[in-house]
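Chemist: The file below is entry06.tsv, TSV, N, CA and C atoms:
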```tsv
chain	number	residue	atom	x	y	z
A	22	MET	N	17.45	-9.01	-76.03
A	22	MET	CA	17.23	-8.97	-77.45
A	22	MET	C	17.14	-7.50	-77.89
A	23	HIS	N	17.79	-7.17	-78.97
A	23	HIS	CA	17.78	-5.81	-79.50
A	23	HIS	C	16.41	-5.52	-80.11
A	24	ALA	N	16.00	-4.26	-80.05
A	24	ALA	CA	14.69	-3.86	-80.55
A	24	ALA	C	14.47	-4.28	-82.01
A	25	PHE	N	15.49	-4.17	-82.84
A	25	PHE	CA	15.32	-4.53	-84.24
A	25	PHE	C	15.24	-6.04	-84.43
A	26	ASP	N	15.78	-6.81	-83.51
A	26	ASP	CA	15.59	-8.26	-83.54
A	26	ASP	C	14.13	-8.59	-83.25
A	27	VAL	N	13.56	-7.88	-82.29
A	27	VAL	CA	12.15	-8.08	-81.95
A	27	VAL	C	11.28	-7.66	-83.13
A	28	LEU	N	11.54	-6.49	-83.69
A	28	LEU	CA	10.73	-5.95	-84.77
A	28	LEU	C	11.02	-6.58	-86.13
A	29	GLY	N	12.10	-7.32	-86.22
A	29	GLY	CA	12.47	-7.95	-87.47
A	29	GLY	C	11.55	-9.08	-87.89
A	30	ASP	N	10.79	-9.60	-86.96
A	30	ASP	CA	9.90	-10.71	-87.27
A	30	ASP	C	8.53	-10.19	-87.74
A	31	PRO	N	8.06	-10.62	-88.91
A	31	PRO	CA	6.79	-10.11	-89.43
A	31	PRO	C	5.58	-10.43	-88.55
A	32	VAL	N	5.61	-11.55	-87.86
A	32	VAL	CA	4.49	-11.89	-86.97
A	32	VAL	C	4.43	-10.91	-85.81
A	33	ARG	N	5.57	-10.60	-85.22
A	33	ARG	CA	5.58	-9.65	-84.10
A	33	ARG	C	5.20	-8.25	-84.57
A	34	ARG	N	5.65	-7.87	-85.76
A	34	ARG	CA	5.22	-6.56	-86.29
A	34	ARG	C	3.71	-6.53	-86.48
A	35	ARG	N	3.14	-7.61	-86.98
A	35	ARG	CA	1.70	-7.67	-87.19
A	35	ARG	C	0.95	-7.58	-85.86
A	36	ILE	N	1.46	-8.27	-84.84
A	36	ILE	CA	0.83	-8.20	-83.52
A	36	ILE	C	0.85	-6.76	-83.02
A	37	LEU	N	1.96	-6.06	-83.18
A	37	LEU	CA	2.02	-4.66	-82.75
A	37	LEU	C	1.05	-3.80	-83.55
A	38	GLU	N	0.88	-4.09	-84.83
A	38	GLU	CA	-0.11	-3.36	-85.62
A	38	GLU	C	-1.51	-3.56	-85.04
A	39	LEU	N	-1.82	-4.79	-84.66
A	39	LEU	CA	-3.13	-5.07	-84.06
A	39	LEU	C	-3.30	-4.32	-82.75
A	40	LEU	N	-2.24	-4.22	-81.97
A	40	LEU	CA	-2.30	-3.56	-80.67
A	40	LEU	C	-2.31	-2.03	-80.80
A	41	ALA	N	-1.89	-1.52	-81.94
A	41	ALA	CA	-1.82	-0.07	-82.12
A	41	ALA	C	-3.20	0.59	-82.01
A	42	ASP	N	-4.25	-0.16	-82.28
A	42	ASP	CA	-5.61	0.39	-82.21
A	42	ASP	C	-6.19	0.34	-80.81
A	43	GLY	N	-5.49	-0.25	-79.86
A	43	GLY	CA	-5.98	-0.34	-78.49
A	43	GLY	C	-5.86	-1.76	-77.95
A	44	GLU	N	-6.39	-1.93	-76.79
A	44	GLU	CA	-6.30	-3.19	-76.07
A	44	GLU	C	-7.00	-4.33	-76.84
A	45	VAL	N	-6.33	-5.49	-76.91
A	45	VAL	CA	-6.85	-6.65	-77.65
A	45	VAL	C	-6.64	-7.90	-76.81
A	46	THR	N	-7.61	-8.80	-76.87
A	46	THR	CA	-7.47	-10.06	-76.14
A	46	THR	C	-6.47	-10.97	-76.84
A	47	SER	N	-5.84	-11.83	-76.06
A	47	SER	CA	-4.89	-12.78	-76.64
A	47	SER	C	-5.61	-13.71	-77.62
A	48	GLY	N	-6.87	-14.05	-77.33
A	48	GLY	CA	-7.63	-14.91	-78.24
A	48	GLY	C	-7.85	-14.27	-79.59
A	49	SER	N	-8.16	-12.98	-79.59
A	49	SER	CA	-8.35	-12.26	-80.86
A	49	SER	C	-7.05	-12.18	-81.64
A	50	ILE	N	-5.98	-11.88	-80.94
A	50	ILE	CA	-4.67	-11.81	-81.59
A	50	ILE	C	-4.34	-13.16	-82.21
A	51	SER	N	-4.52	-14.21	-81.43
A	51	SER	CA	-4.22	-15.56	-81.93
A	51	SER	C	-5.04	-15.91	-83.15
A	52	ALA	N	-6.33	-15.63	-83.11
A	52	ALA	CA	-7.19	-15.97	-84.25
A	52	ALA	C	-6.75	-15.26	-85.52
A	53	ILE	N	-6.45	-13.97	-85.40
A	53	ILE	CA	-6.04	-13.20	-86.58
A	53	ILE	C	-4.70	-13.68	-87.11
A	54	VAL	N	-3.73	-13.81	-86.21
A	54	VAL	CA	-2.38	-14.18	-86.63
A	54	VAL	C	-2.35	-15.62	-87.17
A	55	GLN	N	-3.08	-16.51	-86.53
A	55	GLN	CA	-3.14	-17.89	-87.03
A	55	GLN	C	-3.72	-17.91	-88.44
A	56	GLY	N	-4.77	-17.13	-88.67
A	56	GLY	CA	-5.38	-17.08	-89.99
A	56	GLY	C	-4.48	-16.49	-91.05
A	57	GLU	N	-3.73	-15.47	-90.68
A	57	GLU	CA	-2.88	-14.79	-91.66
A	57	GLU	C	-1.56	-15.50	-91.91
A	58	TYR	N	-1.01	-16.14	-90.88
A	58	TYR	CA	0.32	-16.73	-91.02
A	58	TYR	C	0.33	-18.25	-90.97
A	59	GLY	N	-0.80	-18.85	-90.62
A	59	GLY	CA	-0.87	-20.31	-90.57
A	59	GLY	C	0.00	-20.93	-89.50
A	60	ILE	N	0.17	-20.22	-88.38
A	60	ILE	CA	0.98	-20.76	-87.29
A	60	ILE	C	0.05	-21.20	-86.16
A	61	THR	N	0.58	-21.96	-85.23
A	61	THR	CA	-0.22	-22.51	-84.14
A	61	THR	C	-0.41	-21.48	-83.03
A	62	GLN	N	-1.38	-21.74	-82.17
A	62	GLN	CA	-1.62	-20.87	-81.01
A	62	GLN	C	-0.40	-20.80	-80.11
A	63	PRO	N	0.28	-21.95	-79.83
A	63	PRO	CA	1.50	-21.84	-79.01
A	63	PRO	C	2.57	-20.96	-79.65
A	64	ALA	N	2.65	-20.96	-80.97
A	64	ALA	CA	3.63	-20.10	-81.65
A	64	ALA	C	3.26	-18.63	-81.47
A	65	VAL	N	1.96	-18.31	-81.56
A	65	VAL	CA	1.51	-16.94	-81.33
A	65	VAL	C	1.84	-16.54	-79.89
A	66	SER	N	1.58	-17.44	-78.96
A	66	SER	CA	1.89	-17.16	-77.55
A	66	SER	C	3.36	-16.87	-77.34
A	67	GLN	N	4.22	-17.58	-78.06
A	67	GLN	CA	5.66	-17.35	-77.95
A	67	GLN	C	6.02	-15.96	-78.46
A	68	HIS	N	5.40	-15.54	-79.55
A	68	HIS	CA	5.65	-14.19	-80.07
A	68	HIS	C	5.17	-13.13	-79.07
A	69	LEU	N	4.01	-13.36	-78.46
A	69	LEU	CA	3.52	-12.43	-77.43
A	69	LEU	C	4.49	-12.36	-76.26
A	70	LYS	N	5.05	-13.50	-75.89
A	70	LYS	CA	6.02	-13.54	-74.79
A	70	LYS	C	7.26	-12.72	-75.13
A	71	VAL	N	7.74	-12.84	-76.36
A	71	VAL	CA	8.92	-12.06	-76.78
A	71	VAL	C	8.61	-10.57	-76.69
A	72	LEU	N	7.42	-10.18	-77.15
A	72	LEU	CA	7.03	-8.77	-77.08
A	72	LEU	C	6.94	-8.30	-75.63
A	73	ARG	N	6.36	-9.11	-74.76
A	73	ARG	CA	6.26	-8.75	-73.32
A	73	ARG	C	7.64	-8.67	-72.69
A	74	ASP	N	8.43	-9.71	-72.89
A	74	ASP	CA	9.75	-9.79	-72.25
A	74	ASP	C	10.67	-8.65	-72.67
A	75	ASN	N	10.45	-8.11	-73.86
A	75	ASN	CA	11.30	-7.02	-74.35
A	75	ASN	C	10.64	-5.66	-74.24
A	76	GLY	N	9.52	-5.60	-73.53
A	76	GLY	CA	8.89	-4.33	-73.20
A	76	GLY	C	8.01	-3.71	-74.26
A	77	PHE	N	7.76	-4.40	-75.37
A	77	PHE	CA	6.95	-3.85	-76.44
A	77	PHE	C	5.45	-3.99	-76.20
A	78	ALA	N	5.07	-4.90	-75.32
A	78	ALA	CA	3.66	-5.11	-75.02
A	78	ALA	C	3.51	-5.39	-73.53
A	79	SER	N	2.34	-5.04	-73.02
A	79	SER	CA	2.03	-5.37	-71.63
A	79	SER	C	0.71	-6.13	-71.63
A	80	VAL	N	0.50	-6.87	-70.57
A	80	VAL	CA	-0.69	-7.72	-70.47
A	80	VAL	C	-1.33	-7.52	-69.10
A	81	ARG	N	-2.64	-7.60	-69.07
A	81	ARG	CA	-3.36	-7.60	-67.80
A	81	ARG	C	-4.45	-8.65	-67.88
A	82	LYS	N	-4.76	-9.22	-66.74
A	82	LYS	CA	-5.83	-10.21	-66.68
A	82	LYS	C	-7.16	-9.50	-66.49
A	83	ASP	N	-8.16	-9.99	-67.21
A	83	ASP	CA	-9.53	-9.51	-67.08
A	83	ASP	C	-10.40	-10.76	-66.99
A	84	GLY	N	-10.59	-11.24	-65.78
A	84	GLY	CA	-11.26	-12.53	-65.59
A	84	GLY	C	-10.39	-13.63	-66.16
A	85	SER	N	-10.93	-14.38	-67.10
A	85	SER	CA	-10.15	-15.46	-67.71
A	85	SER	C	-9.42	-14.99	-68.97
A	86	ARG	N	-9.62	-13.74	-69.37
A	86	ARG	CA	-8.98	-13.21	-70.58
A	86	ARG	C	-7.69	-12.49	-70.24
A	87	ARG	N	-6.80	-12.47	-71.22
A	87	ARG	CA	-5.58	-11.68	-71.12
A	87	ARG	C	-5.67	-10.57	-72.16
A	88	MET	N	-5.54	-9.34	-71.67
A	88	MET	CA	-5.67	-8.16	-72.52
A	88	MET	C	-4.28	-7.58	-72.78
A	89	TYR	N	-3.96	-7.40	-74.05
A	89	TYR	CA	-2.64	-6.89	-74.45
A	89	TYR	C	-2.73	-5.46	-74.95
A	90	THR	N	-1.71	-4.68	-74.65
A	90	THR	CA	-1.58	-3.32	-75.15
A	90	THR	C	-0.12	-3.07	-75.56
A	91	VAL	N	0.06	-2.07	-76.41
A	91	VAL	CA	1.41	-1.65	-76.80
A	91	VAL	C	2.04	-0.88	-75.66
A	92	SER	N	3.30	-1.10	-75.45
A	92	SER	CA	4.09	-0.27	-74.53
A	92	SER	C	4.94	0.65	-75.39
A	93	ALA	N	4.76	1.94	-75.23
A	93	ALA	CA	5.35	2.91	-76.14
A	93	ALA	C	6.85	3.14	-75.96
A	94	ALA	N	7.38	2.93	-74.78
A	94	ALA	CA	8.78	3.29	-74.52
A	94	ALA	C	9.76	2.67	-75.51
A	95	PRO	N	9.72	1.37	-75.78
A	95	PRO	CA	10.69	0.82	-76.73
A	95	PRO	C	10.50	1.37	-78.15
A	96	LEU	N	9.27	1.69	-78.51
A	96	LEU	CA	9.03	2.25	-79.84
A	96	LEU	C	9.59	3.67	-79.93
A	97	ARG	N	9.53	4.41	-78.83
A	97	ARG	CA	10.15	5.74	-78.82
A	97	ARG	C	11.66	5.62	-78.98
A	98	GLU	N	12.25	4.62	-78.36
A	98	GLU	CA	13.69	4.41	-78.49
A	98	GLU	C	14.06	4.09	-79.94
A	99	VAL	N	13.25	3.28	-80.60
A	99	VAL	CA	13.49	2.97	-82.02
A	99	VAL	C	13.35	4.24	-82.84
A	100	ASP	N	12.33	5.03	-82.56
A	100	ASP	CA	12.11	6.28	-83.28
A	100	ASP	C	13.30	7.23	-83.09
A	101	GLU	N	13.82	7.30	-81.89
A	101	GLU	CA	14.99	8.15	-81.62
A	101	GLU	C	16.20	7.67	-82.40
A	102	TRP	N	16.38	6.36	-82.50
A	102	TRP	CA	17.50	5.81	-83.24
A	102	TRP	C	17.35	6.13	-84.72
A	103	LEU	N	16.13	6.01	-85.24
A	103	LEU	CA	15.87	6.30	-86.66
A	103	LEU	C	16.01	7.78	-86.99
A	104	ASP	N	15.91	8.63	-85.99
A	104	ASP	CA	15.92	10.08	-86.22
A	104	ASP	C	17.14	10.54	-87.01
A	105	ARG	N	18.27	9.95	-86.76
A	105	ARG	CA	19.48	10.39	-87.47
A	105	ARG	C	19.43	10.07	-88.97
A	106	PHE	N	18.52	9.18	-89.37
A	106	PHE	CA	18.41	8.79	-90.77
A	106	PHE	C	17.29	9.53	-91.51
A	107	ARG	N	16.48	10.28	-90.77
A	107	ARG	CA	15.36	10.98	-91.40
A	107	ARG	C	15.84	11.97	-92.47
A	108	ALA	N	17.03	12.49	-92.33
A	108	ALA	CA	17.56	13.44	-93.31
A	108	ALA	C	17.66	12.81	-94.70
A	109	PHE	N	17.74	11.49	-94.77
A	109	PHE	CA	17.83	10.83	-96.07
A	109	PHE	C	16.50	10.83	-96.81
A	110	TRP	N	15.38	10.76	-96.08
A	110	TRP	CA	14.10	10.68	-96.79
A	110	TRP	C	13.20	11.89	-96.60
A	111	GLN	N	13.45	12.72	-95.61
A	111	GLN	CA	12.58	13.86	-95.37
A	111	GLN	C	12.51	14.83	-96.55
A	112	PRO	N	13.61	15.16	-97.20
A	112	PRO	CA	13.51	16.06	-98.36
A	112	PRO	C	12.60	15.51	-99.46
A	113	HIS	N	12.59	14.20	-99.63
A	113	HIS	CA	11.73	13.59	-100.63
A	113	HIS	C	10.26	13.74	-100.25
A	114	PHE	N	9.96	13.58	-98.97
A	114	PHE	CA	8.58	13.77	-98.51
A	114	PHE	C	8.16	15.23	-98.64
A	115	ASP	N	9.08	16.13	-98.33
A	115	ASP	CA	8.78	17.56	-98.49
A	115	ASP	C	8.49	17.90	-99.94
A	116	ALA	N	9.30	17.35	-100.87
A	116	ALA	CA	9.08	17.60	-102.29
A	116	ALA	C	7.75	17.01	-102.75
A	117	LEU	N	7.43	15.84	-102.25
A	117	LEU	CA	6.14	15.22	-102.59
A	117	LEU	C	4.99	16.08	-102.08
A	118	ALA	N	5.09	16.57	-100.88
A	118	ALA	CA	4.04	17.44	-100.32
A	118	ALA	C	3.86	18.68	-101.18
A	119	THR	N	4.97	19.23	-101.67
A	119	THR	CA	4.89	20.41	-102.54
A	119	THR	C	4.15	20.06	-103.84
A	120	GLU	N	4.48	18.94	-104.43
A	120	GLU	CA	3.83	18.53	-105.68
A	120	GLU	C	2.35	18.22	-105.48
A	121	VAL	N	2.01	17.61	-104.38
A	121	VAL	CA	0.60	17.33	-104.09
A	121	VAL	C	-0.15	18.64	-103.90
A	122	ALA	N	0.46	19.59	-103.21
A	122	ALA	CA	-0.20	20.89	-102.99
A	122	ALA	C	-0.43	21.64	-104.32
A	123	ARG	N	0.49	21.44	-105.25
A	123	ARG	CA	0.35	22.07	-106.57
A	123	ARG	C	-0.80	21.45	-107.37
A	124	GLY	N	-1.14	20.20	-107.05
A	124	GLY	CA	-2.24	19.51	-107.74
A	124	GLY	C	-1.74	18.84	-108.94
```
Please, can you express the file's structure as structure tokens?

Modeler:
Amino acid sequence: MHAFDVLGDPVRRRILELLADGEVTSGSISAIVQGEYGITQPAVSQHLKVLRDNGFASVRKDGSRRMYTVSAAPLREVDEWLDRFRAFWQPHFDALATEVARG
């Protein structure tokens, strides 16, 4: 699966947002995502599997819990791909920074 296919799903993007702050249990992820998206626990598990299988997340067992973390390598690849497009928006950010500095 291509990285943008993985990231194209809002549930998987939300899971990655949750993982960006550090290690999270699968139960915590499920509770948050189920509450926000109204999907079942098996559906959340399937999204976690897609993230694991495509290298975006890793999991380790801690007793009976499964702890998830972000794997940075695929995100770096996405960032590298996006790099060629930064020229389209960077000047706008630079101009905004200038205006903010002016007050």

Chemist: Any idea what's packed within 6 Å of Thr90 of chain A, counting all atoms listed in the file, ignoring anything in its chain fewer than 3 positions away? Could you give it as a PyMOL selection string?

Modeler: chain A and resi 40+43-45+77-80

Chemist: Quick one: pull the distance between atom C of Met88 of chain A and atom CA of Thr46 of chain A, Å, one decimal.

Modeler: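 Here the two named atoms are 5.3 Å from each other.
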
Chemist: Go ahead and compute the interatomic distance for atom CA of Gln67 of chain A and atom CA of Ser85 of chain A, in Å to one decimal.

Modeler: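 Separating atom CA of Gln67 of chain A from atom CA of Ser85 of chain A is a distance of 18.9 Å.
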
Chemist: How many Å separate atom CA of Met22 of chain A from atom CA of Pro95 of chain A?

Modeler: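 Interatomic distance, atom CA of Met22 of chain A to atom CA of Pro95 of chain A: 11.8 Å.
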
Chemist: May I have all residues of chain A that DSSP, computed from the backbone, assigns to helix (DSSP H, G or I), given as a ChimeraX atom specification?

Modeler: /A:24-28,31-40,47-58,62-74,93-104,107-123
